[in-house]
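Each remark here refers to the structure printed beneath this line.
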Amino acid sequence: MPVNQPPLIPIRADEPAERDYSSPQSDDFEALSRDRIPVRSMNEADLDAMIRIDRRATGQDRTAYFRRKQCEVMTESGVRVSLVAELDGHPVGFIMARVDFGEFGRTDPEAVMDTIGVDPDYGSRGVGQALISQLIANLATLRIDRIRTELDWNHVELLSFLNMAGFAPAQRVVLRRSLSA
């Protein structure tokens, strides 16, 4: 078998074997980690679980934010791409994203990842990897070229995670002006 070919798996004795492209060997962000952790489209019933996961991960109550964002990604976005990961029969992580086909006068098929959250009890189990992997696969099917996100510079753990997922600094400058002063 060639070096980079997945193994052959016999289906039945009377059928030819097929390649197993879902093999989790050397799983990383480009492999199919989502095969080990079920990931599905977000639905409206996921709101309470997302709030619970975020509260446990951040120590903050951001209920109003999540209500607003879920409404946006479920009803205002033309393409629904937000996802939920489940283990042990309940949601353990989520990713909220939307597809933008341009802003600031430019047409640009790009996705914006607003929020990602993983229940701390399920950290280091590949939940975040599965969510990113499935999001990338879904966006590629839609012929989206890039994913963009923003985070606080001091959030080193998330910055490291996104770096391992293939994110890099963008060639954009974000400008801000305080209105008080």
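Each chain of the structure tokens is named A, B, ... in the order shown, its residues numbered from 1; ligands are numbered from 1 in display order.
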
Exercise: Ile144 of chain A partners within 7 Å, only C-alpha atoms, chain neighbours under 6 positions left out, as a JSON list (two decimals) with C-alpha atoms, in the first residue's frame:
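Heads up, here's the output in out.json:
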```
[["chain", "number", "residue", "atom", "x", "y", "z"],
["A", 109, "PRO", "CA", -16.79, 34.79, 0.33],
["A", 110, "GLU", "CA", -15.69, 34.54, 3.94],
["A", 111, "ALA", "CA", -17.08, 32.99, 7.11]]
```

Practice task
Do a neighbour search on segment 88-92 of chain A at 9 Å with only C-alpha atoms, toss out local chain neighbours closer than 3 positions, and write the hits as a count of residues only.
Solution key: 13

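Put simply, atom CA of Gly59 of chain A is 28.5 Å away from atom CA of Glu76 of chain A.
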
Practice task
Kindly give the distance, in Å, that separates atom CA of Ile136 of chain A and atom CA of Ile95 of chain A, rounded to a single decimal.
Solution key: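 According to the coordinates, atom CA of Ile136 of chain A and atom CA of Ile95 of chain A are separated by 11.5 Å.
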
Problem - helix (DSSP H, G or I) per DSSP on the backbone: members of segment 29-151 of chain A, as a ChimeraX atom specification - result: /A:33-35,44-58,63-76,120-122,127-141

Atoms to include: C-alpha atoms. Write the selected residues as a PDB file, in the first residue's frame.
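Output contents, as saved in out32.pdb:
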```pdb
ATOM      1  CA  SER A  33     -11.537  14.283  14.282  1.00  0.00           C
ATOM      2  CA  ARG A  34     -15.246  14.885  13.858  1.00  0.00           C
ATOM      3  CA  ASP A  35     -15.567  11.126  13.239  1.00  0.00           C
ATOM      4  CA  GLU A  44     -32.850  26.535  18.849  1.00  0.00           C
ATOM      5  CA  ALA A  45     -33.095  23.976  21.674  1.00  0.00           C
ATOM      6  CA  ASP A  46     -29.296  24.228  22.162  1.00  0.00           C
ATOM      7  CA  LEU A  47     -29.435  27.698  23.749  1.00  0.00           C
ATOM      8  CA  ASP A  48     -29.536  26.561  27.402  1.00  0.00           C
ATOM      9  CA  ALA A  49     -26.637  24.132  26.880  1.00  0.00           C
ATOM     10  CA  MET A  50     -24.537  26.833  25.197  1.00  0.00           C
ATOM     11  CA  ILE A  51     -25.172  29.254  28.050  1.00  0.00           C
ATOM     12  CA  ARG A  52     -24.251  26.551  30.591  1.00  0.00           C
ATOM     13  CA  ILE A  53     -21.034  25.640  28.746  1.00  0.00           C
ATOM     14  CA  ASP A  54     -20.006  29.275  28.393  1.00  0.00           C
ATOM     15  CA  ARG A  55     -20.769  30.056  32.054  1.00  0.00           C
ATOM     16  CA  ARG A  56     -18.633  27.094  33.163  1.00  0.00           C
ATOM     17  CA  ALA A  57     -15.790  28.057  30.804  1.00  0.00           C
ATOM     18  CA  THR A  58     -15.744  31.829  31.401  1.00  0.00           C
ATOM     19  CA  THR A  63     -27.264  34.917  28.419  1.00  0.00           C
ATOM     20  CA  ALA A  64     -28.338  38.063  26.526  1.00  0.00           C
ATOM     21  CA  TYR A  65     -25.354  37.757  24.168  1.00  0.00           C
ATOM     22  CA  PHE A  66     -26.141  34.111  23.381  1.00  0.00           C
ATOM     23  CA  ARG A  67     -29.843  34.805  22.841  1.00  0.00           C
ATOM     24  CA  ARG A  68     -28.968  37.568  20.374  1.00  0.00           C
ATOM     25  CA  LYS A  69     -26.246  35.555  18.596  1.00  0.00           C
ATOM     26  CA  GLN A  70     -28.365  32.423  18.311  1.00  0.00           C
ATOM     27  CA  CYS A  71     -31.222  34.451  16.841  1.00  0.00           C
ATOM     28  CA  GLU A  72     -28.748  35.930  14.343  1.00  0.00           C
ATOM     29  CA  VAL A  73     -27.230  32.606  13.252  1.00  0.00           C
ATOM     30  CA  MET A  74     -30.581  30.772  13.182  1.00  0.00           C
ATOM     31  CA  THR A  75     -32.848  33.331  11.519  1.00  0.00           C
ATOM     32  CA  GLU A  76     -30.893  36.253  10.082  1.00  0.00           C
ATOM     33  CA  PRO A 120     -14.335  22.270  30.725  1.00  0.00           C
ATOM     34  CA  ASP A 121     -15.141  18.665  31.713  1.00  0.00           C
ATOM     35  CA  TYR A 122     -14.517  17.686  28.079  1.00  0.00           C
ATOM     36  CA  VAL A 127     -14.144  18.588  20.974  1.00  0.00           C
ATOM     37  CA  GLY A 128     -12.794  21.910  19.684  1.00  0.00           C
ATOM     38  CA  GLN A 129     -10.882  20.118  16.931  1.00  0.00           C
ATOM     39  CA  ALA A 130     -14.009  18.255  15.848  1.00  0.00           C
ATOM     40  CA  LEU A 131     -16.012  21.482  15.718  1.00  0.00           C
ATOM     41  CA  ILE A 132     -13.372  23.322  13.657  1.00  0.00           C
ATOM     42  CA  SER A 133     -12.884  20.299  11.387  1.00  0.00           C
ATOM     43  CA  GLN A 134     -16.610  19.992  10.649  1.00  0.00           C
ATOM     44  CA  LEU A 135     -16.981  23.747  10.156  1.00  0.00           C
ATOM     45  CA  ILE A 136     -14.118  23.743   7.634  1.00  0.00           C
ATOM     46  CA  ALA A 137     -15.622  20.778   5.763  1.00  0.00           C
ATOM     47  CA  ASN A 138     -19.041  22.458   5.631  1.00  0.00           C
ATOM     48  CA  LEU A 139     -17.601  25.790   4.482  1.00  0.00           C
ATOM     49  CA  ALA A 140     -15.481  24.122   1.801  1.00  0.00           C
ATOM     50  CA  THR A 141     -18.653  22.554   0.410  1.00  0.00           C
TER      51      THR A 141
END
```

Practice task
Would you list, as an MDAnalysis selection string, the residues of segment 55-147 of chain A that end up in strand (DSSP E or B) under DSSP run on this structure's backbone?
Solution key: chainID A and resid 80 83:87 90:103 106:118 146:147

Residues from the last selection, C-alpha atoms, saved as a short mmCIF file (atom, residue, chain, number, x, y, z; two decimals), in the first residue's frame:
```cif
data_model
loop_
_atom_site.label_atom_id
_atom_site.label_comp_id
_atom_site.auth_asym_id
_atom_site.auth_seq_id
_atom_site.Cartn_x
_atom_site.Cartn_y
_atom_site.Cartn_z
CA ARG A 80 -26.74 28.19 8.74
CA LEU A 83 -22.55 23.55 15.06
CA VAL A 84 -22.88 21.60 18.31
CA ALA A 85 -20.71 18.67 19.47
CA GLU A 86 -22.27 15.96 21.61
CA LEU A 87 -20.80 13.31 23.90
CA HIS A 90 -25.62 15.91 25.65
CA PRO A 91 -23.99 19.00 24.09
CA VAL A 92 -20.36 19.49 25.18
CA GLY A 93 -19.26 22.18 22.74
CA PHE A 94 -20.47 24.62 20.12
CA ILE A 95 -19.25 26.94 17.43
CA MET A 96 -21.25 29.92 16.20
CA ALA A 97 -20.42 31.17 12.73
CA ARG A 98 -22.00 32.92 9.78
CA VAL A 99 -21.21 33.31 6.12
CA ASP A 100 -20.47 36.80 4.80
CA PHE A 101 -20.29 37.49 1.12
CA GLY A 102 -18.72 40.89 1.66
CA GLU A 103 -18.57 43.99 3.80
CA ARG A 106 -15.77 44.38 -0.95
CA THR A 107 -17.29 41.13 -2.13
CA ASP A 108 -15.51 38.34 -0.37
CA PRO A 109 -16.79 34.79 0.33
CA GLU A 110 -15.69 34.54 3.94
CA ALA A 111 -17.08 32.99 7.11
CA VAL A 112 -16.96 34.72 10.46
CA MET A 113 -16.53 32.56 13.55
CA ASP A 114 -18.07 34.48 16.45
CA THR A 115 -17.88 32.09 19.38
CA ILE A 116 -16.48 28.69 20.23
CA GLY A 117 -17.06 26.98 23.56
CA VAL A 118 -16.18 23.62 25.08
CA ARG A 146 -11.63 31.83 4.47
CA ILE A 147 -12.73 31.91 8.09
#
```

Fill in the blank from the handout: The distance between atom CA of Ala168 of chain A and atom CA of Asp145 of chain A is 14.4 Å
